[in-house]
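This is data_4.cif. It holds mmCIF, C-alpha atoms and all ligand atoms.
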data_my_file
loop_
_atom_site.label_atom_id
_atom_site.label_comp_id
_atom_site.auth_asym_id
_atom_site.auth_seq_id
_atom_site.Cartn_x
_atom_site.Cartn_y
_atom_site.Cartn_z
CA MET V 1 -83.92 49.36 -181.53
CA ARG V 2 -81.64 52.32 -182.24
CA LEU V 3 -79.29 53.62 -179.54
CA PHE V 4 -80.20 57.18 -178.53
CA LEU V 5 -77.73 59.45 -176.71
CA SER V 6 -79.43 62.72 -175.79
CA SER V 7 -77.77 65.92 -177.04
CA GLY V 8 -78.73 67.69 -173.82
CA ASP V 9 -80.73 70.19 -175.91
CA LEU V 10 -84.49 69.50 -175.78
CA VAL V 11 -85.25 71.11 -179.13
CA ALA V 12 -82.45 69.24 -180.89
CA ASP V 13 -83.60 65.97 -179.29
CA ARG V 14 -87.16 66.60 -180.49
CA ARG V 15 -85.98 67.30 -184.05
CA TYR V 16 -84.09 64.01 -183.91
CA GLU V 17 -87.26 62.16 -182.87
CA PHE V 18 -89.24 63.72 -185.75
CA ALA V 19 -86.43 62.83 -188.11
CA ARG V 20 -86.56 59.19 -186.96
CA ASP V 21 -90.32 59.12 -187.59
CA LEU V 22 -89.78 60.49 -191.09
CA GLN V 23 -86.97 58.01 -191.71
CA LEU V 24 -89.20 55.11 -190.68
CA LYS V 25 -91.94 56.42 -192.98
CA GLY V 26 -89.41 56.49 -195.83
CA ASP V 27 -89.11 60.27 -196.28
CA LEU V 28 -85.31 60.28 -196.17
CA PRO V 29 -84.57 63.77 -197.58
CA ALA V 30 -86.91 65.42 -195.04
CA ALA V 31 -85.39 63.32 -192.24
CA ALA V 32 -81.88 64.41 -193.31
CA ASP V 33 -82.98 68.10 -193.28
CA LEU V 34 -84.30 67.79 -189.74
CA LEU V 35 -81.15 66.03 -188.54
CA GLU V 36 -79.00 68.79 -190.04
CA GLN V 37 -81.12 71.31 -188.11
CA ALA V 38 -80.67 69.29 -184.90
CA ILE V 39 -76.92 69.23 -185.47
CA GLU V 40 -76.84 73.00 -185.99
CA LEU V 41 -78.35 73.33 -182.51
CA ALA V 42 -76.13 70.65 -180.96
CA PRO V 43 -72.97 70.07 -183.01
CA ASN V 44 -71.81 67.16 -180.81
CA PHE V 45 -75.06 65.20 -181.17
CA ALA V 46 -73.63 61.72 -181.84
CA SER V 47 -76.99 59.98 -182.42
CA ALA V 48 -78.04 62.63 -184.96
CA TRP V 49 -74.72 62.39 -186.81
CA PHE V 50 -74.93 58.60 -186.88
CA THR V 51 -78.51 58.57 -188.16
CA LEU V 52 -77.62 61.21 -190.75
CA GLY V 53 -74.81 58.91 -191.89
CA GLU V 54 -77.25 56.02 -192.23
CA ILE V 55 -79.70 58.14 -194.23
CA ARG V 56 -77.00 59.51 -196.53
CA ARG V 57 -75.84 55.94 -197.11
CA GLN V 58 -79.39 54.89 -197.94
CA LEU V 59 -79.65 57.89 -200.29
CA GLY V 60 -76.51 56.73 -202.15
CA GLN V 61 -74.26 59.55 -200.89
CA PRO V 62 -71.23 57.63 -199.57
CA GLU V 63 -68.86 60.61 -199.20
CA ALA V 64 -71.42 62.61 -197.21
CA ALA V 65 -72.20 59.49 -195.16
CA ILE V 66 -68.49 59.08 -194.34
CA THR V 67 -68.34 62.70 -193.11
CA ALA V 68 -71.34 62.08 -190.83
CA PHE V 69 -70.01 58.79 -189.45
CA ARG V 70 -66.64 60.44 -188.68
CA ALA V 71 -68.46 63.23 -186.84
CA ALA V 72 -70.55 60.64 -184.90
CA ARG V 73 -67.37 58.98 -183.66
CA GLU V 74 -65.74 62.29 -182.78
CA ALA V 75 -68.82 63.21 -180.74
CA ASP V 76 -68.74 59.83 -178.94
CA PRO V 77 -65.14 58.55 -178.93
CA GLU V 78 -66.26 55.23 -177.37
CA ASP V 79 -68.30 54.83 -180.56
CA ARG V 80 -71.34 53.19 -179.02
CA HIS V 81 -73.24 53.51 -182.33
CA GLY V 82 -70.58 51.60 -184.24
CA ALA V 83 -69.83 54.41 -186.74
CA GLY V 84 -66.34 52.93 -187.18
CA LEU V 85 -67.88 49.75 -188.58
CA ARG V 86 -69.83 51.74 -191.14
CA LEU V 87 -66.57 53.52 -192.09
CA MET V 88 -64.90 50.12 -192.60
CA GLN V 89 -67.88 48.90 -194.61
CA LEU V 90 -67.80 51.99 -196.83
CA GLY V 91 -64.09 51.42 -197.45
CA ALA V 92 -63.09 54.65 -195.69
CA GLU V 93 -61.02 52.76 -193.12
CA ALA V 94 -59.18 49.45 -192.99
CA VAL V 95 -60.93 46.56 -191.25
CA ALA V 96 -60.06 46.76 -187.55
CA ALA V 97 -61.44 45.64 -184.19
CA MET V 98 -64.98 46.51 -183.17
CA PRO V 99 -65.27 49.20 -180.49
CA PRO V 100 -65.91 47.19 -177.28
CA ALA V 101 -68.42 49.84 -176.11
CA TYR V 102 -70.43 49.23 -179.30
CA VAL V 103 -70.60 45.46 -178.70
CA GLN V 104 -71.47 45.92 -175.03
CA THR V 105 -74.17 48.53 -175.73
CA LEU V 106 -75.63 46.45 -178.55
CA PHE V 107 -75.96 43.31 -176.46
CA ASP V 108 -76.99 45.07 -173.26
CA GLN V 109 -79.89 46.50 -175.27
CA TYR V 110 -80.55 43.20 -176.99
CA ALA V 111 -80.39 40.91 -173.90
CA PRO V 112 -84.10 40.96 -172.88
CA ARG V 113 -85.32 39.88 -176.33
CA PHE V 114 -82.16 38.13 -177.56
CA GLU V 115 -83.42 34.55 -177.64
CA ALA V 116 -86.79 35.43 -179.21
CA ALA V 117 -85.07 37.59 -181.83
CA LEU V 118 -82.17 35.29 -182.65
CA VAL V 119 -83.68 31.83 -182.25
CA GLY V 120 -87.24 32.81 -183.14
CA ASP V 121 -86.83 35.39 -185.90
CA LEU V 122 -83.42 34.53 -187.35
CA GLY V 123 -83.57 30.74 -187.02
CA TYR V 124 -80.36 30.69 -184.98
CA ARG V 125 -78.80 27.23 -184.83
CA GLY V 126 -75.16 27.87 -183.87
CA PRO V 127 -75.04 25.75 -180.67
CA ALA V 128 -76.68 22.72 -182.34
CA LEU V 129 -74.25 22.95 -185.28
CA LEU V 130 -71.29 23.10 -182.91
CA LEU V 131 -72.52 20.13 -180.91
CA ARG V 132 -72.95 18.05 -184.06
CA ALA V 133 -69.49 19.07 -185.31
CA VAL V 134 -67.75 18.30 -182.01
CA LEU V 135 -69.49 14.92 -181.71
CA SER V 136 -68.43 14.00 -185.24
CA VAL V 137 -64.81 14.98 -184.56
CA CYS V 138 -64.78 12.89 -181.37
CA ALA V 139 -66.45 9.93 -183.11
CA ALA V 140 -63.67 9.46 -185.66
CA PRO V 141 -60.94 8.41 -183.17
CA LYS V 142 -63.70 6.98 -180.93
CA GLN V 143 -62.96 9.48 -178.19
CA PRO V 144 -65.63 9.96 -175.53
CA ALA V 145 -67.41 13.26 -176.14
CA PHE V 146 -67.08 14.33 -172.53
CA PHE V 147 -65.13 17.40 -171.46
CA LYS V 148 -64.24 18.16 -167.86
CA ARG V 149 -63.56 21.88 -168.27
CA ALA V 150 -65.00 24.09 -170.99
CA ILE V 151 -64.90 27.82 -171.78
CA ASP V 152 -67.75 29.48 -173.66
CA LEU V 153 -66.45 32.65 -175.40
CA GLY V 154 -69.15 35.27 -175.96
CA CYS V 155 -71.51 33.08 -173.96
CA GLY V 156 -74.48 35.44 -174.36
CA THR V 157 -77.57 34.04 -172.68
CA GLY V 158 -76.07 30.55 -172.32
CA LEU V 159 -77.47 28.76 -175.37
CA ALA V 160 -74.20 26.96 -176.20
CA ALA V 161 -73.72 25.73 -172.62
CA GLY V 162 -77.31 24.48 -172.73
CA ALA V 163 -76.63 22.49 -175.91
CA PHE V 164 -73.43 20.98 -174.45
CA ALA V 165 -74.73 20.50 -170.88
CA GLU V 166 -74.64 16.68 -171.00
CA HIS V 167 -71.11 16.70 -172.39
CA VAL V 168 -69.38 19.13 -170.03
CA ASP V 169 -68.69 18.96 -166.32
CA ARG V 170 -67.73 22.59 -165.66
CA PHE V 171 -68.36 25.64 -167.81
CA ILE V 172 -66.74 29.08 -167.62
CA GLY V 173 -68.59 31.76 -169.58
CA ILE V 174 -67.00 35.01 -170.78
CA ASP V 175 -68.95 37.89 -172.34
CA LEU V 176 -68.50 41.64 -172.79
CA SER V 177 -72.13 42.43 -171.99
CA PRO V 178 -73.19 42.51 -168.31
CA ARG V 179 -76.86 42.05 -169.26
CA MET V 180 -76.10 38.94 -171.30
CA ILE V 181 -74.02 37.62 -168.39
CA GLU V 182 -77.05 38.12 -166.08
CA LYS V 183 -79.11 35.94 -168.44
CA SER V 184 -76.38 33.28 -168.50
CA ARG V 185 -76.22 33.31 -164.71
CA ALA V 186 -79.93 32.60 -164.51
CA THR V 187 -79.50 29.37 -166.52
CA GLY V 188 -77.36 27.75 -163.82
CA PHE V 189 -75.17 26.17 -166.55
CA TYR V 190 -71.99 28.02 -165.59
CA ALA V 191 -69.64 27.43 -162.66
CA GLU V 192 -68.02 30.81 -163.38
CA LEU V 193 -69.02 33.85 -165.40
CA GLU V 194 -66.80 36.77 -166.32
CA THR V 195 -67.76 40.11 -167.82
CA ASP V 196 -64.75 40.63 -170.02
CA ASP V 197 -63.41 40.63 -173.53
CA MET V 198 -62.86 37.03 -174.63
CA LEU V 199 -59.16 37.54 -175.29
CA SER V 200 -58.36 39.24 -171.99
CA GLY V 201 -60.56 36.68 -170.17
CA MET V 202 -58.57 33.85 -171.70
CA THR V 203 -55.20 35.37 -170.84
CA THR V 204 -55.99 34.86 -167.14
CA LYS V 205 -56.51 31.11 -167.59
CA PRO V 206 -53.62 28.73 -166.83
CA ASP V 207 -51.92 26.73 -169.56
CA ALA V 208 -53.62 23.43 -170.43
CA SER V 209 -56.65 24.14 -168.25
CA ALA V 210 -59.56 23.34 -170.61
CA GLU V 211 -60.61 20.37 -172.70
CA LEU V 212 -63.10 22.36 -174.80
CA ILE V 213 -63.50 25.97 -175.96
CA LEU V 214 -66.66 27.12 -177.75
CA ALA V 215 -67.49 30.35 -179.55
CA ALA V 216 -71.01 30.24 -180.98
CA ASP V 217 -71.76 33.27 -183.16
CA ALA V 218 -69.12 35.23 -181.28
CA MET V 219 -66.10 35.23 -183.63
CA VAL V 220 -68.31 37.29 -185.97
CA TYR V 221 -67.50 40.20 -183.60
CA VAL V 222 -63.73 39.61 -183.76
CA ALA V 223 -61.80 40.92 -186.79
CA ASP V 224 -58.44 39.27 -186.19
CA LEU V 225 -58.87 35.63 -185.15
CA ALA V 226 -55.14 35.03 -184.65
CA PRO V 227 -54.75 36.22 -181.01
CA VAL V 228 -57.83 34.28 -179.86
CA LEU V 229 -56.65 31.12 -181.63
CA ARG V 230 -53.17 31.46 -180.08
CA GLU V 231 -54.63 31.84 -176.59
CA ALA V 232 -56.97 28.91 -177.22
CA LYS V 233 -53.98 26.75 -178.09
CA ARG V 234 -52.21 27.75 -174.86
CA VAL V 235 -55.28 27.17 -172.67
CA LEU V 236 -56.31 23.84 -174.20
CA VAL V 237 -54.87 20.52 -173.07
CA ALA V 238 -53.26 18.34 -175.75
CA GLY V 239 -56.14 16.84 -177.73
CA GLY V 240 -58.41 19.70 -176.57
CA VAL V 241 -60.97 21.09 -178.98
CA PHE V 242 -61.83 24.64 -180.07
CA ALA V 243 -65.14 24.79 -181.96
CA PHE V 244 -66.59 27.99 -183.39
CA THR V 245 -68.97 29.34 -185.97
CA ALA V 246 -68.07 32.15 -188.36
CA GLU V 247 -69.74 34.09 -191.12
CA THR V 248 -67.95 33.89 -194.41
CA HIS V 249 -67.62 35.32 -197.91
CA ASP V 250 -66.09 34.24 -201.20
CA GLY V 251 -63.38 36.91 -201.30
CA GLU V 252 -60.18 37.07 -199.31
CA ASP V 253 -59.40 37.78 -195.69
CA VAL V 254 -61.93 39.56 -193.49
CA ILE V 255 -64.69 42.00 -194.43
CA VAL V 256 -67.46 43.78 -192.55
CA GLY V 257 -70.66 42.18 -193.84
CA GLY V 258 -74.10 43.68 -194.32
CA GLY V 259 -75.18 42.81 -190.79
CA LEU V 260 -72.18 44.74 -189.38
CA ARG V 261 -70.49 41.51 -188.38
CA TYR V 262 -67.17 40.26 -189.71
CA ALA V 263 -67.12 37.63 -192.42
CA HIS V 264 -63.93 35.56 -192.50
CA SER V 265 -63.05 33.74 -195.71
CA ALA V 266 -62.39 29.99 -195.52
CA PRO V 267 -58.73 30.40 -196.65
CA TYR V 268 -58.24 33.03 -193.91
CA VAL V 269 -59.66 30.65 -191.27
CA ARG V 270 -57.50 27.75 -192.46
CA ALA V 271 -54.37 29.91 -192.39
CA ALA V 272 -55.17 31.41 -188.96
CA VAL V 273 -55.82 27.96 -187.43
CA ALA V 274 -52.55 26.59 -188.85
CA ALA V 275 -50.55 29.68 -187.80
CA ALA V 276 -51.79 29.24 -184.22
CA GLY V 277 -50.41 25.69 -184.19
CA LEU V 278 -53.83 24.03 -184.09
CA THR V 279 -54.94 21.21 -186.37
CA LEU V 280 -58.06 21.77 -188.43
CA ALA V 281 -60.32 18.77 -187.79
CA LEU V 282 -63.43 20.08 -189.51
CA LEU V 283 -64.42 23.08 -191.61
CA GLU V 284 -67.90 22.97 -193.09
CA ASP V 285 -70.01 25.47 -195.02
CA LEU V 286 -72.94 25.72 -192.65
CA SER V 287 -75.02 28.73 -191.75
CA ALA V 288 -75.80 29.50 -188.11
CA ARG V 289 -78.49 32.12 -188.77
CA ASN V 290 -80.60 33.79 -191.40
CA GLU V 291 -80.11 37.30 -192.72
CA ASP V 292 -83.04 38.81 -194.62
CA ASN V 293 -84.76 35.41 -194.44
CA ILE V 294 -81.98 33.49 -196.19
CA PRO V 295 -79.14 31.55 -194.53
CA ALA V 296 -76.14 33.85 -193.98
CA PRO V 297 -73.07 32.14 -195.50
CA GLY V 298 -71.27 30.54 -192.60
CA LEU V 299 -68.58 28.15 -191.45
CA VAL V 300 -68.45 25.66 -188.64
CA VAL V 301 -64.87 25.11 -187.54
CA VAL V 302 -63.35 22.53 -185.19
CA ALA V 303 -59.64 22.87 -184.39
CA VAL V 304 -57.72 20.49 -182.16
CA LYS V 305 -54.56 21.08 -180.14
CA PRO V 306 -52.01 18.48 -181.29
C1 LIG V 401 -74.77 36.66 -181.10
S1 LIG V 401 -74.34 36.51 -179.45
C2 LIG V 401 -74.13 34.76 -179.27
C3 LIG V 401 -74.27 34.32 -177.84
C4 LIG V 401 -74.15 32.83 -177.56
N1 LIG V 401 -72.81 32.35 -177.80
C5 LIG V 401 -75.15 32.03 -178.34
O1 LIG V 401 -74.77 31.13 -179.04
O2 LIG V 401 -76.35 32.33 -178.20
C6 LIG V 401 -72.69 37.12 -179.37
C7 LIG V 401 -72.18 37.36 -177.98
O3 LIG V 401 -70.78 37.58 -178.04
C8 LIG V 401 -70.45 38.62 -177.15
N2 LIG V 401 -69.18 39.20 -177.62
C9 LIG V 401 -68.93 39.82 -178.78
N3 LIG V 401 -67.63 40.17 -178.86
C10 LIG V 401 -67.06 39.77 -177.71
C11 LIG V 401 -65.74 39.84 -177.19
N4 LIG V 401 -64.75 40.39 -177.91
N5 LIG V 401 -65.50 39.32 -175.97
C12 LIG V 401 -66.49 38.75 -175.26
N6 LIG V 401 -67.77 38.66 -175.69
C13 LIG V 401 -68.04 39.15 -176.90
C14 LIG V 401 -71.62 39.56 -177.19
O4 LIG V 401 -71.69 40.38 -176.06
C15 LIG V 401 -72.79 38.58 -177.30
O5 LIG V 401 -73.30 38.22 -176.05
#

Full structure transcribed into structure tokens:
Amino acid sequence: MRLFLSSGDLVADRRYEFARDLQLKGDLPAAADLLEQAIELAPNFASAWFTLGEIRRQLGQPEAAITAFRAAREADPEDRHGAGLRLMQLGAEAVAAMPPAYVQTLFDQYAPRFEAALVGDLGYRGPALLLRAVLSVCAAPKQPAFFKRAIDLGCGTGLAAGAFAEHVDRFIGIDLSPRMIEKSRATGFYAELETDDMLSGMTTKPDASAELILAADAMVYVADLAPVLREAKRVLVAGGVFAFTAETHDGEDVIVGGGLRYAHSAPYVRAAVAAAGLTLALLEDLSARNEDNIPAPGLVVVAVKP
């Protein structure tokens, strides 16, 4: 589903709709022509600029695509289409944080069909992988795998709390998307739910107030892991566990991957965990979901507060 922000001009909006039909039928040059006409009528038409950027990218015209994505963001400074991510992916801008309005809009739109799409179509297995990883880390020193207070970062519809329900007494869920929070609320798994960015949500938590922090398929929306890891260390009790999934790549540092999510390299994750003062208890090459029907390269990470 593509976000559509009306231009306010009926004729321009109609040209956009025709252009989308043509794009879906594969006639990209004709779709680009129509979008250019729509933009002539409504120069601040963010959805038309964004779609034109996508088409130019598909046509192998990166410079022209960059111009269109820049115009899309100028027309909608909140950047609900995520044009900034495309600019990062095309190398026009350095990798930086995702626009929060993009994440919120994406998941608000996605919420009604999230579980069918992610679990059904993409074989999502993040919560099960995290549970297995946390149980194995607890088994080594024969610690009971029971956590009084847990925080679920980017809790979505509540799948991670569901997987950990028997192992946690009290869950707090934090998510940027109000619609995803509504779904989480309906599960009854959470004692508290907050519509907030995960980092700002964590900053309100007292020191040493959680035994477990989870982030299932949520760090893929966070470019710089360092601030979240630092806050996790502060909020965890000694011996507390932070478990998360990530997408990864063989290069260095952090890139924007094909699915417009961040991929963090294993060396980057190791360094960020150590710099935060956490101990890496487990880092495994495991994929939490498929992309184009093959497992997206992924990591499962368990870090412990010493
Ligand atoms: C792919 S979903 C995963 C949801 C859930 N953890 C699961 O395992 O099904 C990612 C979720 O992270 C949320 N999210 C992304 N970036 C966030 C941020 N910076 N702060 C809070 N939530 C965020 C999104 O709104 C979305 O609900």

Expected selection as a PyMOL selection string for ligand LIG 401 (chain V) within 7 Å, only C-alpha atoms and all ligand atoms: chain V and resi 100+103-104+107+126-127+153-160+174-177+180+196-199+215-218+221-222

Please provide the set of residues having any atom within 12 Å of Ala288 of chain V, restricted to all atoms listed in the file, with same-chain residues fewer than 2 positions apart removed, written as a JSON list (two decimals) with C-alpha atoms, in the frame of the given file.
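So part_24.json came out as:
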[["chain", "number", "residue", "atom", "x", "y", "z"],
["V", 118, "LEU", "CA", -82.17, 35.29, -182.65],
["V", 119, "VAL", "CA", -83.68, 31.83, -182.25],
["V", 122, "LEU", "CA", -83.42, 34.53, -187.35],
["V", 123, "GLY", "CA", -83.57, 30.74, -187.02],
["V", 124, "TYR", "CA", -80.36, 30.69, -184.98],
["V", 125, "ARG", "CA", -78.80, 27.23, -184.83],
["V", 126, "GLY", "CA", -75.16, 27.87, -183.87],
["V", 127, "PRO", "CA", -75.04, 25.75, -180.67],
["V", 128, "ALA", "CA", -76.68, 22.72, -182.34],
["V", 129, "LEU", "CA", -74.25, 22.95, -185.28],
["V", 130, "LEU", "CA", -71.29, 23.10, -182.91],
["V", 215, "ALA", "CA", -67.49, 30.35, -179.55],
["V", 216, "ALA", "CA", -71.01, 30.24, -180.98],
["V", 217, "ASP", "CA", -71.76, 33.27, -183.16],
["V", 218, "ALA", "CA", -69.12, 35.23, -181.28],
["V", 220, "VAL", "CA", -68.31, 37.29, -185.97],
["V", 244, "PHE", "CA", -66.59, 27.99, -183.39],
["V", 245, "THR", "CA", -68.97, 29.34, -185.97],
["V", 246, "ALA", "CA", -68.07, 32.15, -188.36],
["V", 247, "GLU", "CA", -69.74, 34.09, -191.12],
["V", 248, "THR", "CA", -67.95, 33.89, -194.41],
["V", 284, "GLU", "CA", -67.90, 22.97, -193.09],
["V", 285, "ASP", "CA", -70.01, 25.47, -195.02],
["V", 286, "LEU", "CA", -72.94, 25.72, -192.65],
["V", 290, "ASN", "CA", -80.60, 33.79, -191.40],
["V", 291, "GLU", "CA", -80.11, 37.30, -192.72],
["V", 294, "ILE", "CA", -81.98, 33.49, -196.19],
["V", 295, "PRO", "CA", -79.14, 31.55, -194.53],
["V", 296, "ALA", "CA", -76.14, 33.85, -193.98],
["V", 297, "PRO", "CA", -73.07, 32.14, -195.50],
["V", 298, "GLY", "CA", -71.27, 30.54, -192.60],
["V", 299, "LEU", "CA", -68.58, 28.15, -191.45],
["V", 300, "VAL", "CA", -68.45, 25.66, -188.64],
["V", 301, "VAL", "CA", -64.87, 25.11, -187.54]]

Proximity to Phe171 of chain V - best of V:Arg20, V:Ala226, V:Gly188, V:Ile151, all atoms listed in the file: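 Checking each candidate against Phe171 of chain V, we get V:Ile151 as the closest.
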
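Reported to one decimal place, the separation of atom CA of Leu52 of chain V from atom CA of Leu106 of chain V is 19.3 Å.
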
Of the listed residues V:Gln109, V:Glu194, V:Ala133, V:Leu236, that which approaches Arg179 of chain V most closely, counting all atoms listed in the file: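 Closest to Arg179 of chain V of all the choices is V:Gln109.
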
For atom CA of Thr187 of chain V and atom CA of Glu231 of chain V, the interatomic separation in Å (one decimal):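 One can read the atom CA of Thr187 of chain V to atom CA of Glu231 of chain V distance as 26.9 Å.
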
For segment 97-99 of chain V: contacts at 9 Å, all atoms listed in the file, fewer than 5 positions along chain excluded, given as a PyMOL selection string: chain V and resi 78-80+82+84-85+104+221-224

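Between atom CA of Pro141 of chain V and atom CA of Val168 of chain V lies a distance of 18.9 Å.
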
Close residues, Gly53 of chain V itself excluded, 9 Å, only C-alpha atoms, min 3 positions apart in chain, as an NGL selection string: :V and (48-50 or 56-58 or 62 or 64-70 or 72 or 83 or 86)

Which of V:Gln37, V:Gln89, V:Thr203, V:Ser287 sits closest to Arg15 of chain V [using all atoms listed in the file]: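 Once distances to Arg15 of chain V are computed over all atoms listed in the file, the minimum belongs to V:Gln37.
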
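Proximity to Ile39 of chain V at 8 Å, evaluated using only C-alpha atoms and with sequence-adjacent residues fewer than 3 positions away removed, yields Ala12, Leu35, Glu36, Ala42, Pro43, Asn44, Phe45, Ala48 and Trp49 of chain V.
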
Box along x, y and z, 3 Å on every side, all listed atoms of segment 268-283 of chain V inside: centre and edge lengths in Å to one decimal, as JSON.
{"center_x": -57.4, "center_y": 25.9, "center_z": -189.0, "size_x": 20.0, "size_y": 20.3, "size_z": 15.8}

Residue with smallest distance to Val254 of chain V - pool V:Gly162, V:Leu214, V:Pro77, V:Ala94, counting only C-alpha atoms: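 Of V:Gly162, V:Leu214, V:Pro77, V:Ala94, the one nearest Val254 of chain V, counting only C-alpha atoms, is V:Ala94.
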
Nearest-residue call for Phe18 of chain V, choices V:Ala38, V:Ile181, V:Phe4, V:Val235, using all atoms listed in the file: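 Of all the options, V:Ala38 lies closest to Phe18 of chain V.
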
Which of V:Met88, V:Arg2, V:Glu74, V:Pro144 sits closest to Thr105 of chain V [using all atoms listed in the file]: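 Comparing V:Met88, V:Arg2, V:Glu74, V:Pro144 against Thr105 of chain V, the winner is V:Arg2.
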